[in-house]
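Participant: Got a structure for you, model-v1.txt, holding compact mmCIF, C-alpha atoms.
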```txt
# COMPACT_ATOMS: atom_id res chain seq x y z
CA MET A 283 72.16 99.85 202.19
CA SER A 284 71.14 103.48 202.30
CA THR A 285 71.49 105.51 199.13
CA PRO A 286 72.17 109.26 199.04
CA ALA A 287 69.17 111.22 197.89
CA SER A 288 71.10 112.48 194.88
CA ALA A 289 71.51 108.90 193.67
CA GLN A 290 67.93 107.74 194.26
CA HIS A 291 65.75 107.22 191.18
CA SER A 292 62.36 105.52 191.26
CA ASP A 293 60.91 103.40 188.46
CA GLU A 294 58.38 106.18 187.83
CA GLU A 295 61.02 108.92 187.63
CA PRO A 296 64.05 107.67 185.68
CA SER A 297 67.03 110.00 185.53
CA PHE A 298 67.03 109.88 181.73
CA LYS A 299 64.07 109.88 179.35
CA ALA A 300 64.21 108.66 175.78
CA PHE A 301 63.95 111.49 173.25
CA LEU A 302 63.25 109.00 170.43
CA PRO A 303 61.47 106.05 172.09
CA HIS A 304 60.89 104.17 168.80
CA LEU A 305 64.60 103.78 167.98
CA ARG A 306 65.49 100.19 167.10
CA ILE A 307 68.23 99.27 169.60
CA ALA A 308 70.23 96.07 169.12
CA ILE A 309 72.35 94.82 172.01
CA VAL A 310 74.97 92.14 171.36
CA GLY A 311 75.39 89.85 174.37
CA ALA A 312 73.13 88.93 177.30
CA GLY A 313 75.73 89.19 180.05
CA ILE A 314 75.59 91.63 182.95
CA GLY A 315 76.40 94.62 180.74
CA GLY A 316 74.00 93.70 177.96
CA LEU A 317 71.03 92.93 180.19
CA ALA A 318 71.64 95.97 182.41
CA THR A 319 71.76 98.19 179.32
CA ALA A 320 68.58 96.65 177.89
CA LEU A 321 66.74 97.18 181.17
CA ALA A 322 68.04 100.75 181.48
CA CYS A 323 66.87 101.51 177.93
CA ALA A 324 63.41 100.14 178.69
CA LYS A 325 63.15 102.12 181.92
CA ALA A 326 64.16 105.26 180.03
CA GLY A 327 61.23 104.73 177.65
CA PHE A 328 62.75 102.98 174.64
CA GLU A 329 60.21 100.57 173.18
CA ASN A 330 62.14 98.44 170.68
CA VAL A 331 65.18 96.79 172.31
CA THR A 332 66.49 93.41 171.16
CA VAL A 333 69.27 91.47 172.90
CA PHE A 334 71.11 88.89 170.80
CA GLU A 335 72.78 86.07 172.77
CA SER A 336 74.75 83.29 171.09
CA ALA A 337 74.09 80.71 173.84
CA ASN A 338 70.90 78.69 173.62
CA GLN A 339 70.15 79.60 177.20
CA ILE A 340 71.55 82.14 179.63
CA ALA A 341 73.64 79.87 181.84
CA GLU A 342 75.14 80.51 185.26
CA ALA A 343 78.81 81.47 185.36
CA PRO A 344 80.72 80.29 188.44
CA HIS A 345 82.12 83.52 189.79
CA ALA A 346 81.09 86.53 191.81
CA LEU A 347 80.86 90.25 191.28
CA GLY A 348 81.58 92.98 193.80
CA GLY A 349 79.70 96.22 193.85
CA GLY A 350 79.05 99.15 196.10
CA GLN A 351 78.67 102.87 196.37
CA TYR A 352 81.28 105.27 197.60
CA GLY A 353 80.62 105.97 201.28
CA ALA A 354 78.38 102.90 201.65
CA PRO A 355 78.99 99.17 202.24
CA LEU A 356 80.47 97.01 199.51
CA TRP A 357 78.09 94.32 198.31
CA VAL A 358 79.04 91.03 196.69
CA ALA A 359 76.63 89.13 194.44
CA HIS A 360 76.82 85.78 192.70
CA ARG A 361 76.91 86.54 188.99
CA ALA A 362 74.10 84.10 188.27
CA ASP A 363 71.81 85.83 190.78
CA LEU A 364 72.49 89.28 189.34
CA GLN A 365 72.09 88.02 185.78
CA ARG A 366 68.79 86.32 186.70
CA VAL A 367 67.41 89.50 188.30
CA LEU A 368 68.38 91.56 185.25
CA ARG A 369 66.85 88.99 182.88
CA GLU A 370 63.61 88.93 184.87
CA GLY A 371 63.59 92.72 184.85
CA CYS A 372 63.89 92.72 181.06
CA GLU A 373 61.13 90.15 180.71
CA ALA A 374 58.89 92.23 182.96
CA THR A 375 59.04 95.14 180.49
CA GLY A 376 56.78 93.19 178.16
CA SER A 377 57.35 93.96 174.50
CA ARG A 378 59.96 96.67 175.15
CA VAL A 379 62.81 94.15 175.46
CA THR A 380 63.17 90.95 173.44
CA ILE A 381 65.94 88.48 174.32
CA ARG A 382 66.88 86.20 171.44
CA THR A 383 68.97 83.23 172.58
CA GLY A 384 70.75 81.01 170.10
CA ALA A 385 71.34 84.14 168.00
CA ARG A 386 75.07 84.32 167.34
CA VAL A 387 76.22 87.64 165.89
CA THR A 388 78.84 86.82 163.25
CA GLU A 389 79.37 90.27 161.75
CA VAL A 390 78.59 93.92 162.40
CA ASP A 391 78.04 96.26 159.46
CA PHE A 392 79.14 99.61 160.91
CA PRO A 393 78.07 101.91 158.02
CA GLY A 394 74.70 100.20 157.72
CA THR A 395 74.10 99.69 161.45
CA ARG A 396 73.30 96.02 160.84
CA THR A 397 74.10 92.77 162.62
CA ARG A 398 74.38 89.44 160.89
CA ILE A 399 72.93 86.49 162.80
CA GLY A 400 74.49 83.18 161.81
CA GLU A 401 75.15 83.02 158.08
CA ASP A 402 72.14 84.53 156.37
CA GLU A 403 70.01 86.75 158.63
CA TRP A 404 70.73 90.48 158.68
CA ILE A 405 69.04 92.73 161.26
CA GLU A 406 68.80 96.47 160.64
CA SER A 407 68.87 98.77 163.67
CA ASP A 408 69.20 102.43 164.50
CA VAL A 409 71.74 101.81 167.26
CA ILE A 410 73.97 98.83 168.08
CA LEU A 411 75.38 98.47 171.60
CA ALA A 412 78.01 95.74 171.73
CA ALA A 413 78.28 94.04 175.12
CA ASP A 414 79.94 90.97 173.67
CA GLY A 415 82.63 90.59 176.30
CA VAL A 416 86.38 90.44 176.50
CA LYS A 417 86.61 88.54 173.19
CA SER A 418 84.35 91.05 171.47
CA LEU A 419 83.75 90.44 167.77
CA THR A 420 82.51 94.02 167.48
CA ARG A 421 85.70 95.44 168.99
CA LYS A 422 87.71 93.43 166.47
CA GLY A 423 85.70 94.94 163.64
CA LEU A 424 85.97 98.47 165.04
CA LEU A 425 89.75 98.22 165.33
CA ALA A 426 89.99 96.82 161.78
CA LEU A 427 88.27 99.97 160.52
CA HIS A 428 91.08 101.94 162.16
CA GLY A 429 93.79 99.72 160.70
CA GLN A 430 94.53 98.00 164.01
CA ARG A 431 94.53 94.38 165.17
CA ASP A 432 92.66 93.26 168.25
CA MET A 433 95.29 91.62 170.44
CA ALA A 434 95.22 90.65 174.10
CA HIS A 435 98.41 91.30 176.06
CA GLU A 436 99.36 88.60 178.52
CA THR A 437 100.15 89.88 182.02
CA GLY A 438 102.11 86.75 182.92
CA ASP A 439 99.57 85.88 185.62
CA ALA A 440 96.61 83.57 185.89
CA ALA A 441 93.94 83.14 188.56
CA TYR A 442 92.43 80.06 190.15
CA ARG A 443 88.73 80.55 190.83
CA ILE A 444 87.24 78.40 193.55
CA ILE A 445 83.78 78.14 195.12
CA ILE A 446 83.40 75.99 198.27
CA PRO A 447 79.92 75.14 199.62
CA ARG A 448 79.52 75.93 203.32
CA GLU A 449 78.49 72.38 204.16
CA ASP A 450 81.84 71.08 202.88
CA LEU A 451 83.58 73.06 205.65
CA ALA A 452 81.39 71.72 208.46
CA SER A 453 84.31 69.81 210.00
CA ASP A 454 86.41 72.97 210.44
CA PRO A 455 84.69 75.50 212.75
CA GLU A 456 87.46 78.08 212.30
CA LEU A 457 87.01 78.18 208.53
CA LEU A 458 83.24 78.50 208.99
CA THR A 459 83.82 81.79 210.81
CA TYR A 460 85.20 83.19 207.54
CA VAL A 461 82.14 82.02 205.62
CA ASP A 462 79.70 83.34 208.23
CA SER A 463 81.30 86.78 208.50
CA SER A 464 80.62 89.79 206.32
CA ILE A 465 84.31 90.52 206.00
CA GLY A 466 86.70 90.15 203.12
CA TYR A 467 90.27 88.98 203.56
CA ARG A 468 93.37 89.30 201.44
CA TRP A 469 96.66 87.42 201.63
CA MET A 470 99.78 88.57 199.77
CA GLY A 471 102.85 86.49 199.04
CA PRO A 472 105.78 86.29 196.60
CA GLY A 473 104.49 86.19 193.03
CA GLY A 474 100.78 86.26 193.78
CA HIS A 475 97.88 87.19 196.04
CA ILE A 476 94.63 85.76 197.36
CA MET A 477 91.45 87.66 198.13
CA VAL A 478 88.77 86.41 200.49
CA GLY A 479 85.80 88.41 201.64
CA PHE A 480 85.30 92.16 201.70
CA LEU A 481 88.83 93.55 201.35
CA ILE A 482 89.98 93.48 204.95
CA CYS A 483 93.65 92.57 204.79
CA ASP A 484 95.43 89.88 206.80
CA TYR A 485 99.13 90.76 207.04
CA SER A 486 100.30 87.53 208.62
CA PRO A 487 103.98 86.50 208.51
CA PHE A 488 102.98 83.96 205.87
CA ALA A 489 101.45 86.58 203.60
CA HIS A 490 103.68 89.08 201.96
CA SER A 491 103.07 89.51 198.26
CA HIS A 492 100.90 87.13 196.16
CA LEU A 493 97.24 87.86 196.67
CA PHE A 494 94.38 85.55 197.61
CA GLN A 495 90.81 86.92 197.61
CA ALA A 496 87.73 85.27 199.05
CA TYR A 497 84.30 86.24 200.26
CA PRO A 498 80.99 84.61 201.22
CA MET A 499 78.01 84.86 198.89
CA LYS A 500 74.49 83.51 198.34
CA ALA A 501 73.49 84.21 201.96
CA HIS A 502 76.83 82.80 203.21
CA SER A 503 76.16 79.39 201.65
CA LEU A 504 79.15 79.63 199.30
CA PHE A 505 82.72 80.82 199.77
CA ASN A 506 84.35 82.37 196.70
CA MET A 507 88.14 82.47 196.33
CA VAL A 508 90.34 84.12 193.70
CA LEU A 509 94.03 83.14 193.75
CA LEU A 510 96.47 85.00 191.51
CA HIS A 511 99.69 83.27 190.53
CA PRO A 512 102.24 83.14 187.67
CA ASP A 513 100.82 81.67 184.46
CA VAL A 514 103.15 78.73 183.91
CA ASN A 515 100.69 76.64 181.90
CA ASN A 516 99.89 79.14 179.14
CA THR A 517 96.27 79.07 180.30
CA SER A 518 93.62 80.19 177.83
CA GLU A 519 91.79 83.50 178.24
CA SER A 520 88.56 81.81 179.30
CA TRP A 521 86.33 81.54 182.36
CA THR A 522 85.97 77.79 181.87
CA SER A 523 89.53 76.43 181.65
CA LYS A 524 90.26 73.62 184.08
CA GLY A 525 93.19 73.95 186.48
CA SER A 526 95.22 71.43 188.48
CA LYS A 527 94.56 71.11 192.20
CA ASP A 528 97.99 69.52 192.70
CA GLU A 529 99.73 72.49 191.06
CA MET A 530 97.63 74.90 193.11
CA LEU A 531 98.52 73.18 196.38
CA GLU A 532 102.19 73.10 195.40
CA PHE A 533 102.30 76.84 194.73
CA TYR A 534 100.62 77.76 198.02
CA LYS A 535 102.34 75.14 200.18
CA SER A 536 104.28 77.74 202.21
CA TRP A 537 101.38 80.15 202.64
CA SER A 538 99.21 80.74 205.71
CA PRO A 539 97.79 77.54 207.29
CA ILE A 540 94.31 79.04 206.83
CA VAL A 541 94.89 79.28 203.09
CA ARG A 542 96.15 75.71 202.87
CA ARG A 543 93.20 74.38 204.86
CA PHE A 544 90.71 76.14 202.59
CA LEU A 545 92.39 74.69 199.53
CA SER A 546 92.33 71.17 200.98
CA PHE A 547 88.51 71.25 200.73
CA VAL A 548 88.51 72.07 197.00
CA LYS A 549 87.35 69.22 194.77
CA ALA A 550 89.99 68.31 192.20
CA ASP A 551 87.60 68.62 189.24
CA GLU A 552 86.30 72.05 190.33
CA VAL A 553 89.51 74.08 190.02
CA MET A 554 89.14 76.72 187.31
CA GLU A 555 92.13 78.65 185.97
CA TRP A 556 91.85 81.89 184.03
CA LYS A 557 94.63 83.70 182.14
CA LEU A 558 94.81 87.39 183.04
CA CYS A 559 95.18 89.62 179.99
CA ASP A 560 94.71 93.26 179.23
CA HIS A 561 94.07 95.20 176.04
CA ALA A 562 95.54 98.43 174.75
CA PRO A 563 93.26 101.49 175.06
CA LEU A 564 90.93 101.79 172.09
CA PRO A 565 91.07 104.76 169.72
CA THR A 566 87.34 105.20 170.27
CA TRP A 567 84.39 103.38 171.84
CA ILE A 568 82.02 104.56 169.11
CA GLU A 569 81.93 104.07 165.36
CA GLY A 570 78.93 105.59 163.63
CA ASN A 571 75.84 104.30 165.44
CA VAL A 572 77.73 101.40 167.03
CA ALA A 573 79.18 101.58 170.54
CA LEU A 574 81.06 99.16 172.78
CA LEU A 575 80.36 98.69 176.47
CA GLY A 576 81.30 96.49 179.41
CA ASP A 577 84.17 94.04 179.07
CA ALA A 578 84.34 94.78 175.35
CA CYS A 579 86.12 98.03 176.26
CA HIS A 580 85.40 98.93 179.91
CA PRO A 581 83.27 102.00 179.21
CA MET A 582 79.62 102.71 180.02
CA LEU A 583 77.09 104.05 177.51
CA PRO A 584 78.03 105.87 174.27
CA CYS A 585 77.50 109.38 175.67
CA TYR A 586 80.05 108.55 178.37
CA GLU A 587 83.08 108.54 176.09
CA GLY A 588 83.82 112.25 176.40
CA VAL A 589 83.67 112.19 180.21
CA ARG A 590 84.56 108.58 181.07
CA LYS A 591 87.12 107.16 178.63
CA ASP A 592 90.23 108.68 180.19
CA ARG A 593 89.03 107.80 183.68
CA ALA A 594 88.16 104.20 182.76
CA GLU A 595 91.55 103.68 181.13
CA LYS A 596 93.37 105.03 184.20
CA ILE A 597 91.47 102.65 186.48
CA GLN A 598 92.16 99.75 184.12
CA ALA A 599 95.90 100.58 184.14
CA SER A 600 95.95 100.80 187.94
CA ALA A 601 95.36 97.05 188.17
CA ALA A 602 98.76 96.37 186.58
CA ALA A 603 100.50 98.87 188.87
CA THR A 604 98.86 97.35 191.94
CA LYS A 605 99.91 93.85 190.89
CA ILE A 606 103.57 94.88 190.93
CA SER A 607 103.24 96.14 194.49
CA LEU A 608 101.28 93.16 195.78
CA HIS A 609 103.48 90.47 194.20
CA LEU A 610 106.87 91.61 195.53
CA PRO A 611 109.19 88.78 196.59
CA ASP A 612 110.31 88.68 200.20
CA GLY A 613 113.04 91.24 200.78
CA PRO A 614 113.71 94.93 201.51
CA LYS A 615 111.11 96.27 199.04
CA GLN A 616 108.45 93.96 200.48
CA VAL A 617 109.31 95.07 204.02
CA GLU A 618 109.10 98.72 202.96
CA ARG A 619 105.76 98.09 201.26
CA ASP A 620 104.30 96.39 204.34
CA ALA A 621 105.41 99.31 206.51
CA LEU A 622 103.76 101.79 204.15
CA ILE A 623 100.52 99.76 204.19
CA ARG A 624 100.47 99.87 207.99
CA GLU A 625 101.18 103.62 207.95
CA ALA A 626 98.35 104.13 205.47
CA ALA A 627 95.91 103.37 208.26
CA LYS A 628 97.12 106.61 209.86
CA GLY A 629 96.45 108.63 206.74
CA GLY A 630 99.48 108.07 204.51
CA ALA A 631 99.59 106.93 200.91
CA ASN A 632 99.00 103.22 200.36
CA PRO A 633 101.12 101.29 197.82
CA ASP A 634 98.11 98.97 197.49
CA LYS A 635 96.50 101.46 195.13
CA TRP A 636 92.94 100.21 195.36
CA SER A 637 93.08 100.53 199.16
CA ASP A 638 94.52 104.06 198.99
CA SER A 639 91.99 106.65 200.21
CA GLU A 640 92.83 109.20 197.52
CA TRP A 641 92.61 106.60 194.75
CA GLN A 642 89.29 105.37 196.17
CA LYS A 643 87.97 108.93 195.91
CA PHE A 644 88.99 108.94 192.27
CA MET A 645 87.42 105.52 191.62
CA TRP A 646 84.23 105.80 193.64
CA GLY A 647 83.71 109.47 194.40
CA THR A 648 81.99 110.13 191.09
CA ASP A 649 78.30 110.21 190.21
CA SER A 650 78.42 108.61 186.76
CA THR A 651 74.76 109.29 186.02
CA LYS A 652 75.15 112.96 186.95
CA ASP A 653 78.22 113.25 184.71
CA MET A 654 76.42 111.65 181.77
CA LEU A 655 73.32 113.83 182.11
CA ALA A 656 75.49 116.94 182.36
CA ARG A 657 77.31 115.87 179.19
CA ILE A 658 74.02 115.28 177.36
CA HIS A 659 72.86 118.75 178.45
CA GLU A 660 76.11 120.26 177.15
CA VAL A 661 75.73 118.49 173.82
CA LYS A 662 72.08 119.52 173.44
CA SER A 663 72.88 123.11 174.43
CA GLY A 664 75.75 123.19 171.95
CA GLN A 665 73.56 121.80 169.18
CA ALA A 666 70.84 124.34 169.95
CA GLN A 667 73.36 127.19 169.88
CA ALA A 668 74.85 125.84 166.64
CA ARG A 669 71.38 125.81 165.02
CA LYS A 670 70.76 129.35 166.29
CA ASP A 671 74.11 130.56 164.94
CA SER A 672 73.45 128.86 161.62
CA ALA A 673 70.02 130.44 161.33
CA THR A 674 71.45 133.85 162.22
CA ALA A 675 74.16 133.47 159.60
CA ARG A 676 71.53 132.83 156.91
CA LEU A 677 69.55 136.01 157.71
CA PRO A 678 69.80 138.95 155.30
CA GLN A 679 72.42 141.42 156.49
CA ASN A 680 69.85 144.24 156.83
CA PHE A 681 67.32 142.06 158.72
```
Output the file's structure as structure tokens, nothing else.

Facilitator:
Amino acid sequence: MSTPASAQHSDEEPSFKAFLPHLRIAIVGAGIGGLATALACAKAGFENVTVFESANQIAEAPHALGGGQYGAPLWVAHRADLQRVLREGCEATGSRVTIRTGARVTEVDFPGTRTRIGEDEWIESDVILAADGVKSLTRKGLLALHGQRDMAHETGDAAYRIIIPREDLASDPELLTYVDSSIGYRWMGPGGHIMVGFLICDYSPFAHSHLFQAYPMKAHSLFNMVLLHPDVNNTSESWTSKGSKDEMLEFYKSWSPIVRRFLSFVKADEVMEWKLCDHAPLPTWIEGNVALLGDACHPMLPCYEGVRKDRAEKIQASAAATKISLHLPDGPKQVERDALIREAAKGGANPDKWSDSEWQKFMWGTDSTKDMLARIHEVKSGQAQARKDSATARLPQNF
């Protein structure tokens, strides 16, 4: 994938250099966000970064991540592959990044910038970056300081997550064409949707409003499927909850034959079901020298809050609005929606918000690094001017 020159940064010329390289930086969580942040800190010149991970080893998680750059192809990576590359990158920094597994953070001392590991060990730091996920302990503590409770809000939906090895589909040549292509597909039907591949939509007569997503990954050796549906089982908010294949087949029994054939290849003990929840916008991402990032709050780095918080919250809210449009039951509103989606190809607005060209410009047409560096420059310039004004104010009046 080609990268615009403005977005290219070599290892020798990072876009951001550490002003205080000896700062002690503690990162809570060795997921994608935590490891990416640790590696970015090391590349920027920070020399004392420690990642605390509660698991005894960084295990593979069975789902995929999509990524891309506005105006360039969308890439899909298996989470385990991306996590492995980030971990290896951290390890290659030598002593700059230390990853401590089996180190469960049980408390964060915001005023003291300390993390407690287990019951007795306290670690002092200069900065704490909490990448401890959707069930963030740090977020809970931050909200408590503001007199708020950390509560997930159920959306009423859940998602089946399925991965089918290519060899299991060997008896169905038509399904293999989906695995071997570099295309994403999406089915919509009453009450849910399915996504498959790279977001090219299939508007068959069987697919009107629920969504089914799927796409090939790991060099087309695996086929990943995400199937949204009503949460009738009060599923837990976890990546590892088991689902029922029989219930899955029952829900999708009237969907496209292609969908039903894919699902017939799923092993009964490999159906995962995940409750979809959201969280109210946070009053802040930063408290003292502690900042949240990643799934803990959906921001980026601490300096991003001034330029990114409103934008991140709008994108987060758009998921709920898009769900309403995609999950319409069969009827006049669904027919109207389908007509608008077809017209969108000619330049009109798309009720499928994330496929709307104007919304894509808002989501992807932003250089986050450029915005952050500009904000840092503004802050530094403001501080320099404030020091100058302060010094001027202290001068004798006849100076």

Participant: Do you have, as a tab-separated table, the list of residues of segment 368-462 of chain A lying at most 12 Å from segment 601-611 of chain A, each with its nearest atom pair and that distance in Å to one decimal, counting all atoms listed in the file and ordered by chain then number?

Facilitator:
```
residue	atom	partner	partner_atom	distance
A:His435	CA	A:Ala602	CA	11.7
A:Glu436	CA	A:Ala602	CA	11.2
A:Thr437	CA	A:Ala602	CA	8.1
A:Gly438	CA	A:Ala602	CA	10.8
A:Asp439	CA	A:Lys605	CA	9.6
A:Ala440	CA	A:Lys605	CA	11.9
```

Participant: So, counting only C-alpha atoms, which residue among A:Glu401, A:Thr388, A:His360, A:Ala412 is closest to Phe505 of chain A?

Facilitator: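 Comparing A:Glu401, A:Thr388, A:His360, A:Ala412 against Phe505 of chain A, the winner is A:His360.
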
Participant: Mind pulling up the distance from atom CA of Glu569 of chain A to atom CA of Asp649 of chain A?

Facilitator: 25.9 Å

Participant: I need the residue nearest Gly423 of chain A from this list: A:Asp612, A:Asp620, A:Asp408, A:Asp391. Use all atoms listed in the file for the distance.

Facilitator: A:Asp391

Participant: Taking the point (83.9, 81.8, 196.1) as given in the file, collect each protein or nucleic acid residue that comes within 6 Å of it, counting only C-alpha atoms, and present the set as a list in words.

Facilitator: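 Protein, DNA and RNA residues close to (83.9, 81.8, 196.1): Ile444, Ile445, Ala496, Phe505, Asn506 and Met507 of chain A.
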
Participant: Env of Val409 of chain A: 12 Å cut, atoms = only C-alpha atoms, seq-sep filter 5 positions within chain, self excluded. Answer as a PDB file with C-alpha atoms, in the coordinates of the input.

Facilitator:
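What landed in selection.pdb:
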```pdb
ATOM      1  CA  LEU A 302      63.250 109.000 170.430  1.00  0.00           C
ATOM      2  CA  HIS A 304      60.890 104.170 168.800  1.00  0.00           C
ATOM      3  CA  LEU A 305      64.600 103.780 167.980  1.00  0.00           C
ATOM      4  CA  ARG A 306      65.490 100.190 167.100  1.00  0.00           C
ATOM      5  CA  ILE A 307      68.230  99.270 169.600  1.00  0.00           C
ATOM      6  CA  ALA A 308      70.230  96.070 169.120  1.00  0.00           C
ATOM      7  CA  ILE A 309      72.350  94.820 172.010  1.00  0.00           C
ATOM      8  CA  VAL A 310      74.970  92.140 171.360  1.00  0.00           C
ATOM      9  CA  CYS A 323      66.870 101.510 177.930  1.00  0.00           C
ATOM     10  CA  PHE A 328      62.750 102.980 174.640  1.00  0.00           C
ATOM     11  CA  ASN A 330      62.140  98.440 170.680  1.00  0.00           C
ATOM     12  CA  VAL A 331      65.180  96.790 172.310  1.00  0.00           C
ATOM     13  CA  THR A 332      66.490  93.410 171.160  1.00  0.00           C
ATOM     14  CA  VAL A 390      78.590  93.920 162.400  1.00  0.00           C
ATOM     15  CA  ASP A 391      78.040  96.260 159.460  1.00  0.00           C
ATOM     16  CA  PHE A 392      79.140  99.610 160.910  1.00  0.00           C
ATOM     17  CA  PRO A 393      78.070 101.910 158.020  1.00  0.00           C
ATOM     18  CA  GLY A 394      74.700 100.200 157.720  1.00  0.00           C
ATOM     19  CA  THR A 395      74.100  99.690 161.450  1.00  0.00           C
ATOM     20  CA  ARG A 396      73.300  96.020 160.840  1.00  0.00           C
ATOM     21  CA  THR A 397      74.100  92.770 162.620  1.00  0.00           C
ATOM     22  CA  ILE A 568      82.020 104.560 169.110  1.00  0.00           C
ATOM     23  CA  GLU A 569      81.930 104.070 165.360  1.00  0.00           C
ATOM     24  CA  GLY A 570      78.930 105.590 163.630  1.00  0.00           C
ATOM     25  CA  ASN A 571      75.840 104.300 165.440  1.00  0.00           C
ATOM     26  CA  VAL A 572      77.730 101.400 167.030  1.00  0.00           C
ATOM     27  CA  ALA A 573      79.180 101.580 170.540  1.00  0.00           C
ATOM     28  CA  LEU A 574      81.060  99.160 172.780  1.00  0.00           C
ATOM     29  CA  LEU A 583      77.090 104.050 177.510  1.00  0.00           C
ATOM     30  CA  PRO A 584      78.030 105.870 174.270  1.00  0.00           C
TER      31      PRO A 584
END
```

Participant: Show me the residues around (82.6, 78.2, 206.2) - criterion: an atom at most 9 Å away, only C-alpha atoms counted - as a PyMOL selection string.

Facilitator: chain A and resi 446-452+454-463+498+502-505

Participant: What does the structure give for the distance between atom CA of Thr420 of chain A and atom CA of Glu389 of chain A, in Å to one decimal?

Facilitator: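 Rounded to one decimal, the two atoms are 7.5 Å apart.
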
Participant: If we count all atoms listed in the file, what is near segment 525-533 of chain A at a cut-off of 6 Å, once residues fewer than 4 positions away on the same chain are taken out, given as a ChimeraX atom specification?

Facilitator: /A:550,553-555

Participant: Restricting it to C-alpha atoms, dump the selection as a tab-separated table (two decimals), in the frame of the given file.

Facilitator:
```tsv
chain	number	residue	atom	x	y	z
A	550	ALA	CA	89.99	68.31	192.20
A	553	VAL	CA	89.51	74.08	190.02
A	554	MET	CA	89.14	76.72	187.31
A	555	GLU	CA	92.13	78.65	185.97
```

Participant: In Å, rounded to a single decimal, give me how far atom CA of Ile597 of chain A is from atom CA of Thr648 of chain A.

Facilitator: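 Answer for the atom CA of Thr648 of chain A to atom CA of Ile597 of chain A separation: 12.9 Å.
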
Participant: Using all atoms listed in the file for the distances, tell me which of A:Arg398, A:Asp638, A:Lys524, A:Leu368 is nearest to Ile623 of chain A.

Facilitator: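 Result for the nearest residue to Ile623 of chain A: A:Asp638.
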
Participant: Looking at A:Met433, A:Leu564, A:Met470, A:Ala501, which one is nearest to Ser536 of chain A, with distances taken over only C-alpha atoms?

Facilitator: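 Counting only C-alpha atoms, the residue closest to Ser536 of chain A is A:Met470.
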